[in-house]
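Coordinates from structure38.pdb are shown below (PDB, C-alpha atoms).
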ATOM      1  CA  MET J   1      76.007  75.490  40.038
ATOM      2  CA  SER J   2      79.509  75.915  38.583
ATOM      3  CA  ALA J   3      78.427  79.173  36.929
ATOM      4  CA  TYR J   4      76.862  80.327  40.200
ATOM      5  CA  LEU J   5      80.031  79.606  42.177
ATOM      6  CA  ALA J   6      82.133  81.488  39.628
ATOM      7  CA  CYS J   7      79.758  84.470  39.717
ATOM      8  CA  TYR J   8      79.632  84.572  43.498
ATOM      9  CA  LEU J   9      83.414  84.452  43.613
ATOM     10  CA  ALA J  10      83.525  87.481  41.291
ATOM     11  CA  ILE J  11      80.925  89.283  43.426
ATOM     12  CA  ALA J  12      82.769  88.671  46.699
ATOM     13  CA  LEU J  13      86.096  89.891  45.332
ATOM     14  CA  SER J  14      84.407  92.907  43.732
ATOM     15  CA  ILE J  15      82.808  93.859  47.035
ATOM     16  CA  ARG J  16      86.153  93.467  48.781
ATOM     17  CA  LEU J  17      87.817  95.811  46.277
ATOM     18  CA  LEU J  18      84.989  98.350  45.917
ATOM     19  CA  SER J  19      84.530  98.632  49.686
ATOM     20  CA  GLY J  20      87.566 100.915  49.698
ATOM     21  CA  TYR J  21      85.799 103.415  47.437
ATOM     22  CA  LEU J  22      82.032 103.060  48.002
ATOM     23  CA  THR J  23      79.722 102.664  50.985
ATOM     24  CA  VAL J  24      77.754  99.475  51.625
ATOM     25  CA  ILE J  25      74.558 101.026  50.251
ATOM     26  CA  GLU J  26      76.299 102.351  47.133
ATOM     27  CA  ILE J  27      77.677  98.887  46.336
ATOM     28  CA  GLY J  28      74.210  97.356  46.734
ATOM     29  CA  LEU J  29      72.648 100.116  44.618
ATOM     30  CA  LEU J  30      75.209  99.636  41.863
ATOM     31  CA  ARG J  31      74.542  95.903  41.746
ATOM     32  CA  SER J  32      70.767  96.449  41.644
ATOM     33  CA  VAL J  33      70.884  99.042  38.832
ATOM     34  CA  GLY J  34      73.148  96.921  36.662
ATOM     35  CA  SER J  35      71.270  93.644  37.212
ATOM     36  CA  LEU J  36      67.932  95.349  36.533
ATOM     37  CA  ALA J  37      69.276  96.773  33.272
ATOM     38  CA  ILE J  38      70.481  93.340  32.126
ATOM     39  CA  ALA J  39      67.245  91.579  33.115
ATOM     40  CA  GLY J  40      65.115  94.282  31.489
ATOM     41  CA  SER J  41      67.106  94.070  28.256
ATOM     42  CA  VAL J  42      66.761  90.286  28.107
ATOM     43  CA  VAL J  43      63.013  90.478  28.717
ATOM     44  CA  TRP J  44      62.568  93.198  26.083
ATOM     45  CA  ALA J  45      64.553  91.165  23.540
ATOM     46  CA  GLY J  46      62.291  88.184  24.259
ATOM     47  CA  GLY J  47      59.325  89.847  22.583
ATOM     48  CA  ALA J  48      55.737  90.624  23.561
ATOM     49  CA  GLU J  49      54.932  87.137  24.833
ATOM     50  CA  GLU J  50      57.896  87.192  27.212
ATOM     51  CA  ARG J  51      56.824  90.603  28.541
ATOM     52  CA  ARG J  52      53.243  89.435  29.134
ATOM     53  CA  ASN J  53      54.418  86.597  31.389
ATOM     54  CA  ILE J  54      56.568  88.751  33.656
ATOM     55  CA  LEU J  55      53.959  89.941  36.165
ATOM     56  CA  PRO J  56      52.448  87.243  38.422
ATOM     57  CA  PRO J  57      48.877  87.525  39.790
ATOM     58  CA  ASN J  58      50.235  88.294  43.268
ATOM     59  CA  LEU J  59      53.437  90.154  44.134
ATOM     60  CA  ARG J  60      53.341  89.470  47.878
ATOM     61  CA  GLU J  61      55.945  86.674  47.868
ATOM     62  CA  ASP J  62      58.194  88.578  45.468
ATOM     63  CA  ALA J  63      58.028  91.692  47.645
ATOM     64  CA  ALA J  64      58.775  89.787  50.857
ATOM     65  CA  ARG J  65      61.714  87.941  49.302
ATOM     66  CA  SER J  66      63.093  91.100  47.674
ATOM     67  CA  VAL J  67      63.086  93.074  50.937
ATOM     68  CA  LEU J  68      64.657  90.196  52.860
ATOM     69  CA  HIS J  69      67.267  89.696  50.128
ATOM     70  CA  LEU J  70      68.103  93.414  50.219
ATOM     71  CA  ALA J  71      68.628  93.323  53.987
ATOM     72  CA  GLY J  72      70.719  90.148  53.754
ATOM     73  CA  SER J  73      72.795  91.524  50.872
ATOM     74  CA  LEU J  74      73.588  94.755  52.725
ATOM     75  CA  ALA J  75      74.546  92.778  55.822
ATOM     76  CA  LEU J  76      76.799  90.491  53.748
ATOM     77  CA  ILE J  77      78.447  93.450  52.005
ATOM     78  CA  TRP J  78      79.059  95.014  55.438
ATOM     79  CA  SER J  79      80.627  91.775  56.670
ATOM     80  CA  LEU J  80      82.917  91.370  53.654
ATOM     81  CA  ALA J  81      84.034  94.989  53.994
ATOM     82  CA  HIS J  82      84.569  95.141  57.782
ATOM     83  CA  LEU J  83      85.347  91.655  59.145
ATOM     84  CA  PRO J  84      88.331  89.331  58.667
ATOM     85  CA  LEU J  85      87.702  87.098  55.672
ATOM     86  CA  ALA J  86      88.372  83.929  57.715
ATOM     87  CA  LEU J  87      85.558  84.864  60.122
ATOM     88  CA  VAL J  88      83.117  85.751  57.334
ATOM     89  CA  THR J  89      83.747  82.462  55.518
ATOM     90  CA  THR J  90      83.252  80.508  58.761
ATOM     91  CA  ILE J  91      79.875  82.155  59.343
ATOM     92  CA  GLU J  92      78.902  81.593  55.699
ATOM     93  CA  PHE J  93      79.256  77.842  56.249
ATOM     94  CA  THR J  94      76.306  77.916  58.675
ATOM     95  CA  GLY J  95      73.855  78.277  55.758
ATOM     96  CA  PRO J  96      72.909  74.561  55.582
ATOM     97  CA  LEU J  97      72.244  74.535  59.353
ATOM     98  CA  PHE J  98      69.819  77.455  58.984
ATOM     99  CA  ALA J  99      68.213  75.725  55.976
ATOM    100  CA  ALA J 100      67.679  72.461  57.893
ATOM    101  CA  MET J 101      66.173  74.366  60.826
ATOM    102  CA  LEU J 102      63.812  76.361  58.588
ATOM    103  CA  LEU J 103      62.705  73.257  56.673
ATOM    104  CA  PHE J 104      61.841  71.556  59.944
ATOM    105  CA  LEU J 105      60.018  74.565  61.412
ATOM    106  CA  VAL J 106      58.019  75.339  58.250
ATOM    107  CA  LEU J 107      57.507  71.946  56.601
ATOM    108  CA  ARG J 108      58.295  69.568  59.513
ATOM    109  CA  ARG J 109      60.820  67.874  57.211
ATOM    110  CA  ARG J 110      63.748  66.150  58.895
ATOM    111  CA  PRO J 111      66.946  65.547  56.900
ATOM    112  CA  GLY J 112      67.698  61.980  55.839
ATOM    113  CA  THR J 113      70.493  59.895  57.330
ATOM    114  CA  GLY J 114      73.165  61.122  54.904
ATOM    115  CA  PRO J 115      72.340  64.840  55.160
ATOM    116  CA  ALA J 116      71.975  64.551  58.950
ATOM    117  CA  ALA J 117      75.481  63.065  59.185
ATOM    118  CA  GLY J 118      76.792  65.845  56.967
ATOM    119  CA  LEU J 119      75.134  68.510  59.140
ATOM    120  CA  ALA J 120      76.688  66.959  62.264
ATOM    121  CA  VAL J 121      80.162  67.045  60.699
ATOM    122  CA  LEU J 122      79.511  70.606  59.545
ATOM    123  CA  ALA J 123      78.367  71.798  62.977
ATOM    124  CA  THR J 124      81.368  70.332  64.806
ATOM    125  CA  GLY J 125      83.761  71.865  62.276
ATOM    126  CA  ILE J 126      82.147  75.301  62.587
ATOM    127  CA  GLY J 127      82.362  75.071  66.379
ATOM    128  CA  LEU J 128      86.075  74.312  66.145
ATOM    129  CA  LEU J 129      86.637  77.173  63.689
ATOM    130  CA  VAL J 130      84.852  79.660  65.949
ATOM    131  CA  PHE J 131      86.932  78.437  68.907
ATOM    132  CA  ARG J 132      90.179  78.827  66.935
ATOM    133  CA  LEU J 133      89.190  82.332  65.792
ATOM    134  CA  ASN J 134      88.407  83.433  69.378
ATOM    135  CA  ALA J 135      85.293  85.133  68.008
ATOM    136  CA  VAL J 136      83.690  87.480  70.550
ATOM    137  CA  PRO J 137      79.940  88.159  70.189
ATOM    138  CA  ASN J 138      79.441  91.738  69.037
ATOM    139  CA  ARG J 139      77.432  93.840  66.590
ATOM    140  CA  ASP J 140      79.534  92.972  63.534
ATOM    141  CA  LEU J 141      79.308  89.250  64.258
ATOM    142  CA  ALA J 142      75.531  89.514  64.672
ATOM    143  CA  ILE J 143      75.282  91.312  61.311
ATOM    144  CA  ALA J 144      77.226  88.516  59.584
ATOM    145  CA  ILE J 145      75.050  85.794  61.140
ATOM    146  CA  GLY J 146      71.917  87.741  60.223
ATOM    147  CA  ALA J 147      73.137  87.972  56.628
ATOM    148  CA  VAL J 148      73.501  84.196  56.352
ATOM    149  CA  ALA J 149      70.102  83.572  57.947
ATOM    150  CA  ALA J 150      68.360  86.089  55.675
ATOM    151  CA  LEU J 151      69.983  84.912  52.447
ATOM    152  CA  THR J 152      69.383  81.250  53.302
ATOM    153  CA  THR J 153      65.698  82.066  53.791
ATOM    154  CA  THR J 154      65.571  83.834  50.418
ATOM    155  CA  ASN J 155      67.108  80.744  48.781
ATOM    156  CA  LEU J 156      64.285  78.617  50.156
ATOM    157  CA  MET J 157      61.723  81.182  48.989
ATOM    158  CA  LEU J 158      63.405  81.203  45.576
ATOM    159  CA  ALA J 159      62.886  77.449  45.275
ATOM    160  CA  ARG J 160      59.143  77.957  45.791
ATOM    161  CA  LEU J 161      58.928  80.776  43.255
ATOM    162  CA  ALA J 162      61.008  78.871  40.670
ATOM    163  CA  ALA J 163      58.538  75.980  40.839
ATOM    164  CA  GLN J 164      55.813  78.315  39.546
ATOM    165  CA  ARG J 165      57.412  80.973  37.332
ATOM    166  CA  SER J 166      60.175  81.737  34.863
ATOM    167  CA  THR J 167      63.654  82.689  36.015
ATOM    168  CA  LEU J 168      63.588  86.043  34.215
ATOM    169  CA  SER J 169      60.335  87.026  35.910
ATOM    170  CA  ILE J 170      61.771  86.301  39.362
ATOM    171  CA  VAL J 171      65.066  88.125  38.786
ATOM    172  CA  LEU J 172      63.547  91.170  37.075
ATOM    173  CA  LEU J 173      60.873  91.703  39.727
ATOM    174  CA  MET J 174      63.379  91.290  42.572
ATOM    175  CA  HIS J 175      65.637  94.037  41.265
ATOM    176  CA  ALA J 176      62.694  96.244  40.266
ATOM    177  CA  ILE J 177      61.355  96.084  43.828
ATOM    178  CA  GLN J 178      64.792  96.584  45.374
ATOM    179  CA  LEU J 179      65.923  99.568  43.281
ATOM    180  CA  PRO J 180      63.634 102.242  44.829
ATOM    181  CA  LEU J 181      64.452 100.894  48.301
ATOM    182  CA  TYR J 182      68.183 101.217  47.616
ATOM    183  CA  LEU J 183      67.632 104.751  46.325
ATOM    184  CA  LEU J 184      65.737 105.722  49.485
ATOM    185  CA  LEU J 185      68.510 104.304  51.659
ATOM    186  CA  TRP J 186      71.150 106.087  49.588
ATOM    187  CA  VAL J 187      69.370 109.434  49.965
ATOM    188  CA  PHE J 188      68.375 109.255  53.633
ATOM    189  CA  VAL J 189      71.037 107.125  55.348
ATOM    190  CA  PRO J 190      74.096 109.247  56.225
ATOM    191  CA  GLU J 191      77.428 108.182  54.762
ATOM    192  CA  GLN J 192      78.868 107.909  58.274
ATOM    193  CA  TRP J 193      76.744 104.765  58.757
ATOM    194  CA  SER J 194      79.160 102.887  56.525
ATOM    195  CA  PRO J 195      82.249 104.893  55.578
ATOM    196  CA  PRO J 196      84.583 103.179  53.093
ATOM    197  CA  PRO J 197      87.744 101.750  54.658
ATOM    198  CA  GLN J 198      91.123 102.116  52.973
ATOM    199  CA  PRO J 199      91.176 100.719  49.412
ATOM    200  CA  TYR J 200      92.384  97.141  49.052
ATOM    201  CA  ARG J 201      95.442  96.585  46.930
ATOM    202  CA  LEU J 202      95.938  93.601  44.649
ATOM    203  CA  ALA J 203      98.929  91.349  45.144
ATOM    204  CA  PHE J 204     100.221  92.488  41.723
ATOM    205  CA  ASP J 205     100.298  95.882  39.997
ATOM    206  CA  ILE J 206      97.290  96.860  37.878
ATOM    207  CA  PRO J 207      96.140 100.458  37.181
ATOM    208  CA  GLU J 208      93.581 101.524  39.777
ATOM    209  CA  LEU J 209      90.972 102.565  37.197
ATOM    210  CA  ALA J 210      91.127  99.122  35.576
ATOM    211  CA  VAL J 211      90.637  97.470  38.965
ATOM    212  CA  ILE J 212      87.571  99.586  39.745
ATOM    213  CA  GLY J 213      86.057  99.090  36.277
ATOM    214  CA  GLY J 214      86.603  95.344  36.364
ATOM    215  CA  ALA J 215      85.131  95.089  39.853
ATOM    216  CA  VAL J 216      82.022  97.061  38.821
ATOM    217  CA  LEU J 217      81.489  94.890  35.734
ATOM    218  CA  ALA J 218      81.961  91.670  37.714
ATOM    219  CA  LEU J 219      79.556  92.891  40.410
ATOM    220  CA  ILE J 220      76.816  93.742  37.907
ATOM    221  CA  VAL J 221      77.080  90.694  35.636
ATOM    222  CA  GLY J 222      77.693  88.335  38.542
ATOM    223  CA  GLY J 223      74.690  89.729  40.419
ATOM    224  CA  PHE J 224      72.346  88.950  37.530
ATOM    225  CA  VAL J 225      73.795  85.585  36.497
ATOM    226  CA  SER J 226      74.082  84.235  40.059
ATOM    227  CA  GLN J 227      70.380  84.772  40.756
ATOM    228  CA  ALA J 228      69.339  83.315  37.389
ATOM    229  CA  VAL J 229      71.505  80.204  37.825
ATOM    230  CA  LEU J 230      70.364  79.725  41.431
ATOM    231  CA  ALA J 231      66.720  79.839  40.337
ATOM    232  CA  ASN J 232      67.360  77.178  37.690
ATOM    233  CA  ALA J 233      69.369  75.009  40.102
ATOM    234  CA  SER J 234      66.519  75.077  42.618
ATOM    235  CA  ARG J 235      64.401  73.115  40.117
ATOM    236  CA  HIS J 236      66.824  70.178  40.176
ATOM    237  CA  ALA J 237      67.860  69.843  43.830
ATOM    238  CA  SER J 238      66.267  69.793  47.251
ATOM    239  CA  PRO J 239      66.419  73.048  49.270
ATOM    240  CA  LEU J 240      68.953  71.558  51.701
ATOM    241  CA  GLN J 241      71.166  70.363  48.835
ATOM    242  CA  LEU J 242      70.941  73.794  47.231
ATOM    243  CA  CYS J 243      71.955  75.640  50.405
ATOM    244  CA  SER J 244      74.789  73.185  51.015
ATOM    245  CA  ALA J 245      76.129  73.450  47.471
ATOM    246  CA  ASP J 246      75.823  77.231  47.821
ATOM    247  CA  THR J 247      78.489  77.214  50.548
ATOM    248  CA  LEU J 248      81.022  75.547  48.248
ATOM    249  CA  ARG J 249      81.793  79.095  47.104
ATOM    250  CA  VAL J 250      83.534  79.733  50.445
ATOM    251  CA  PRO J 251      86.805  77.831  49.771
ATOM    252  CA  LEU J 252      86.916  79.392  46.301
ATOM    253  CA  ILE J 253      86.667  82.872  47.832
ATOM    254  CA  THR J 254      89.397  82.000  50.328
ATOM    255  CA  LEU J 255      91.719  80.786  47.562
ATOM    256  CA  ALA J 256      91.041  83.808  45.345
ATOM    257  CA  ALA J 257      91.538  86.202  48.268
ATOM    258  CA  TYR J 258      94.956  84.662  48.850
ATOM    259  CA  LEU J 259      95.976  84.813  45.187
ATOM    260  CA  LEU J 260      94.661  88.328  44.477
ATOM    261  CA  LEU J 261      94.678  90.112  47.837
ATOM    262  CA  ALA J 262      97.377  88.127  49.664
ATOM    263  CA  GLU J 263      94.916  87.281  52.480
ATOM    264  CA  LEU J 264      95.927  83.839  53.751
ATOM    265  CA  PRO J 265      93.868  82.193  56.531
ATOM    266  CA  PRO J 266      95.849  81.199  59.627
ATOM    267  CA  ALA J 267      97.388  77.722  59.347
ATOM    268  CA  GLU J 268      95.468  76.475  62.408
ATOM    269  CA  LEU J 269      92.189  76.955  60.471
ATOM    270  CA  TRP J 270      93.047  74.672  57.565
ATOM    271  CA  LEU J 271      92.245  71.325  59.203
ATOM    272  CA  PRO J 272      88.883  72.372  60.748
ATOM    273  CA  GLY J 273      88.108  74.140  57.464
ATOM    274  CA  LEU J 274      88.584  70.873  55.562
ATOM    275  CA  TRP J 275      86.390  69.109  58.150
ATOM    276  CA  VAL J 276      83.649  71.669  57.530
ATOM    277  CA  LEU J 277      84.027  71.223  53.780
ATOM    278  CA  CYS J 278      83.557  67.447  54.183
ATOM    279  CA  GLY J 279      80.290  68.126  56.016
ATOM    280  CA  VAL J 280      79.111  70.404  53.215
ATOM    281  CA  VAL J 281      79.915  67.813  50.539
ATOM    282  CA  ILE J 282      78.116  65.030  52.450
ATOM    283  CA  THR J 283      75.025  67.216  52.944
ATOM    284  CA  SER J 284      74.895  68.211  49.265
ATOM    285  CA  LEU J 285      75.166  64.656  47.895
ATOM    286  CA  PRO J 286      72.222  63.585  45.690
ATOM    287  CA  THR J 287      69.237  62.020  47.439
ATOM    288  CA  ALA J 288      66.063  60.340  46.239
ATOM    289  CA  ALA J 289      63.907  62.452  43.955
ATOM    290  CA  GLY J 290      61.126  62.406  46.517
ATOM    291  CA  ARG J 291      63.190  64.536  48.874
ATOM    292  CA  LYS J 292      63.004  67.570  46.611
ATOM    293  CA  LEU J 293      60.461  70.317  47.138
ATOM    294  CA  ARG J 294      57.721  69.486  44.656
ATOM    295  CA  PRO J 295      55.642  72.235  42.999
ATOM    296  CA  GLU J 296      52.519  71.256  44.936
ATOM    297  CA  GLN J 297      54.502  71.450  48.192
ATOM    298  CA  ALA J 298      55.815  74.827  47.151
ATOM    299  CA  ARG J 299      52.308  76.151  46.594
ATOM    300  CA  ARG J 300      51.159  74.924  50.020
ATOM    301  CA  THR J 301      54.023  76.655  51.870
TER
END

Please rewrite the model in this file as structure tokens.
Amino acid sequence: MSAYLACYLAIALSIRLLSGYLTVIEIGLLRSVGSLAIAGSVVWAGGAEERRNILPPNLREDAARSVLHLAGSLALIWSLAHLPLALVTTIEFTGPLFAAMLLFLVLRRRPGTGPAAGLAVLATGIGLLVFRLNAVPNRDLAIAIGAVAALTTTNLMLARLAAQRSTLSIVLLMHAIQLPLYLLLWVFVPEQWSPPPQPYRLAFDIPELAVIGGAVLALIVGGFVSQAVLANASRHASPLQLCSADTLRVPLITLAAYLLLAELPPAELWLPGLWVLCGVVITSLPTAAGRKLRPEQARRT
């Protein structure tokens, strides 16, 4: 998960920087093209046997997850580009709550004592953060919440797919399904739907072209590696642990945003933010092996 957290940090900062030059759809399209090229190259280098094992008998689950991931990714990119970072990170912390709710609704699985305590700490901390931010329900807030719900669902679907197939197969098919959808959106959705705001400036001087090039490279490589690492991690942790550990990227993004973009969260958010982080850590602590989603459970759901 350390590699995943590092990649997601690079992706978030890249989106923040590129949002001053590209629309939401263009950023998503760029990530999809680059990740597909990397995945395709790795598969081709793997030889004929690797290529034969790419296509599963049924693409229905891959298609559903790919479309949902595309919608969640666009909503997250929108949020990172248009909302205060402190608000986006607060909403991102709700991922484990969505995961626990989905696991109960779909599998009727209740969290154990430890994870339940962690979720309670997490929920109270998020409530305090929202109160301190004076967040008013509106369209942008709904988009951010929808992004977390959609991407949390795709993480749970990824755990099921990873129990049956190779990581490369999952990643390659996701980007192959998403690419034509991104192209259609890019052609038919007017630019006014998501005009770029003013470019972000780093806290220190670097030539603009180098900033853009570095952000593009980080977006592409991070997009591929993050999905590959997440698929592998899902084989060693329960879905709730995975979604909880996933949110550990939030404090890293906050720290990097301060160091690189000079965006410091208000001081009154630090204490509730640490309370939320404690809830995340408690929820992601190791549990008995029996709590993980076994392959036979994955096939039934």

Fill in: Shell of 6 Å around region 145-155 of chain J, only C-alpha atoms, local chain residues under 5 positions omitted, as a list in words
Arg65, His69, Gly72, Ala75, Leu76 and Gly95 of chain J

Practice prompt. For Trp275 (chain J), list every protein, DNA or RNA residue within 8 Å, evaluated using all atoms listed in the file, and leave out those in the same chain fewer than 2 positions away; present the list as a list in words.
Written response: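 The filter keeps Val121, Leu122, Gly125, Leu271, Pro272, Gly273, Leu277, Cys278 and Gly279 of chain J.
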
Worksheet item: Leaving out Ile282 (chain J) and any residue of its chain fewer than 6 positions from it, which residues lie within 9 Å of it when counting all atoms listed in the file, given as a list of chain:residue names?
Response: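 Returned residues: J:Gly114, J:Pro115, J:Ala116, J:Ala117, J:Gly118, J:Leu119, J:Val121, J:Ser244.
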
What are the nearest atom pairs, with distances in Å to one decimal, for all residues of region 131-199 of chain J that come at most 12 Å from region 28-41 of chain J, using only C-alpha atoms, set out by chain and rising residue number as a tab-separated table?
residue	atom	partner	partner_atom	distance
J:Thr167	CA	J:Ala39	CA	10.0
J:Leu168	CA	J:Ala39	CA	6.7
J:Ser169	CA	J:Ala39	CA	8.7
J:Ile170	CA	J:Ala39	CA	9.8
J:Val171	CA	J:Ala39	CA	7.0
J:Leu172	CA	J:Ala39	CA	5.4
J:Leu173	CA	J:Leu36	CA	8.6
J:Met174	CA	J:Leu36	CA	8.6
J:His175	CA	J:Leu36	CA	5.4
J:Ala176	CA	J:Leu36	CA	6.5
J:Ile177	CA	J:Ser32	CA	9.7
J:Gln178	CA	J:Ser32	CA	7.0
J:Leu179	CA	J:Ser32	CA	6.0
J:Pro180	CA	J:Leu29	CA	9.3
J:Leu181	CA	J:Leu29	CA	9.0
J:Tyr182	CA	J:Leu29	CA	5.5
J:Leu183	CA	J:Leu29	CA	7.0
J:Leu184	CA	J:Leu29	CA	10.1
J:Leu185	CA	J:Leu29	CA	9.2
J:Trp186	CA	J:Leu29	CA	7.9
J:Val187	CA	J:Leu29	CA	11.2

Those selected residues, please, written with C-alpha atoms and delivered as an mmCIF file, keeping the file's coordinate frame.
data_model
loop_
_atom_site.group_PDB
_atom_site.id
_atom_site.type_symbol
_atom_site.label_atom_id
_atom_site.label_comp_id
_atom_site.auth_asym_id
_atom_site.auth_seq_id
_atom_site.Cartn_x
_atom_site.Cartn_y
_atom_site.Cartn_z
ATOM 1 C CA THR J 167 63.654 82.689 36.015
ATOM 2 C CA LEU J 168 63.588 86.043 34.215
ATOM 3 C CA SER J 169 60.335 87.026 35.910
ATOM 4 C CA ILE J 170 61.771 86.301 39.362
ATOM 5 C CA VAL J 171 65.066 88.125 38.786
ATOM 6 C CA LEU J 172 63.547 91.170 37.075
ATOM 7 C CA LEU J 173 60.873 91.703 39.727
ATOM 8 C CA MET J 174 63.379 91.290 42.572
ATOM 9 C CA HIS J 175 65.637 94.037 41.265
ATOM 10 C CA ALA J 176 62.694 96.244 40.266
ATOM 11 C CA ILE J 177 61.355 96.084 43.828
ATOM 12 C CA GLN J 178 64.792 96.584 45.374
ATOM 13 C CA LEU J 179 65.923 99.568 43.281
ATOM 14 C CA PRO J 180 63.634 102.242 44.829
ATOM 15 C CA LEU J 181 64.452 100.894 48.301
ATOM 16 C CA TYR J 182 68.183 101.217 47.616
ATOM 17 C CA LEU J 183 67.632 104.751 46.325
ATOM 18 C CA LEU J 184 65.737 105.722 49.485
ATOM 19 C CA LEU J 185 68.510 104.304 51.659
ATOM 20 C CA TRP J 186 71.150 106.087 49.588
ATOM 21 C CA VAL J 187 69.370 109.434 49.965
#

Item to complete: Report the distance between CA of Arg160 (chain J) and CA of Ser234 (chain J) in Å, rounded to one decimal place.
Response: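 CA of Arg160 (chain J) sits 8.5 Å away from CA of Ser234 (chain J).
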
Discussion item. For a test of reading the model, state the distance in Å between CA of Leu240 (chain J) and CA of Ile91 (chain J), rounded to one decimal.
Written reply: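 Those two atoms sit 17.0 Å apart.
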
Evaluate the PyMOL selection byres ((chain J and resi 56) around 10) and report residues as an mmCIF file with C-alpha atoms, in the coordinates of the input:
data_model
loop_
_atom_site.group_PDB
_atom_site.id
_atom_site.type_symbol
_atom_site.label_atom_id
_atom_site.label_comp_id
_atom_site.auth_asym_id
_atom_site.auth_seq_id
_atom_site.Cartn_x
_atom_site.Cartn_y
_atom_site.Cartn_z
ATOM 1 C CA ARG J 52 53.243 89.435 29.134
ATOM 2 C CA ASN J 53 54.418 86.597 31.389
ATOM 3 C CA ILE J 54 56.568 88.751 33.656
ATOM 4 C CA LEU J 55 53.959 89.941 36.165
ATOM 5 C CA PRO J 57 48.877 87.525 39.790
ATOM 6 C CA ASN J 58 50.235 88.294 43.268
ATOM 7 C CA LEU J 59 53.437 90.154 44.134
ATOM 8 C CA ARG J 60 53.341 89.470 47.878
ATOM 9 C CA ASP J 62 58.194 88.578 45.468
ATOM 10 C CA GLN J 164 55.813 78.315 39.546
ATOM 11 C CA ARG J 165 57.412 80.973 37.332
ATOM 12 C CA SER J 169 60.335 87.026 35.910
ATOM 13 C CA ILE J 170 61.771 86.301 39.362
ATOM 14 C CA LEU J 173 60.873 91.703 39.727
#

Item to complete: Give me, please, the distance in Å between CA of Val225 (chain J) and CA of Ile15 (chain J), quoted to one decimal.
Response: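 According to the coordinates, CA of Val225 (chain J) and CA of Ile15 (chain J) are separated by 16.1 Å.
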
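With only C-alpha atoms as the atoms that count, the residue of J:Pro239, J:Pro84, J:Leu70, J:Pro190 with the shortest distance to Leu133 (chain J) is J:Pro84.
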
Practice prompt. Using only C-alpha atoms, pick whichever of J:Ala6, J:Leu219, J:Val43, J:Ile143 has the shortest atom-to-atom distance to Ser19 (chain J).
Written response: J:Leu219

Item to complete: Select, from J:Leu9, J:Leu209, J:Ala162, J:Leu217, the residue with the minimum atom-to-atom distance to Ala233 (chain J), counting all atoms listed in the file.
Response: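 Of the candidates, the smallest distance to Ala233 (chain J) is held by J:Ala162.
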
Item to complete: Choose the residue, out of J:Arg139, J:Ala144, J:Val130, J:Pro111, that has the smallest atom-to-atom separation from Leu74 (chain J); count only C-alpha atoms.
Response: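 Looking at the shortest contact to Leu74 (chain J), the residue is J:Ala144.
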
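Taking all atoms listed in the file into account, Leu242 (chain J) lies nearest to J:Ala99 out of the set J:Val189, J:Ala99, J:Ala142, J:Val276.
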
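Closest approach to Ala228 (chain J) among J:Leu97, J:Glu92, J:Cys7, J:Val211 is made by J:Cys7 (distances from only C-alpha atoms).
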
Enclosing box along x, y and z for every listed atom of region 218-235 of chain J, padded 4 Å each side, centre and size in Å, one decimal, as lines of an AutoDock Vina configuration file:
center_x = 73.2
center_y = 83.4
center_z = 39.1
size_x = 25.6
size_y = 28.6
size_z = 15.0

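This file, queried with the PyMOL selection byres ((chain J and resi 218) around 9), gives the residues Cys7, Ala10, Ile11, Leu13, Ser14, Gly213, Gly214, Ala215, Val216, Leu217, Leu219, Ile220, Val221, Gly222 and Gly223 of chain J.
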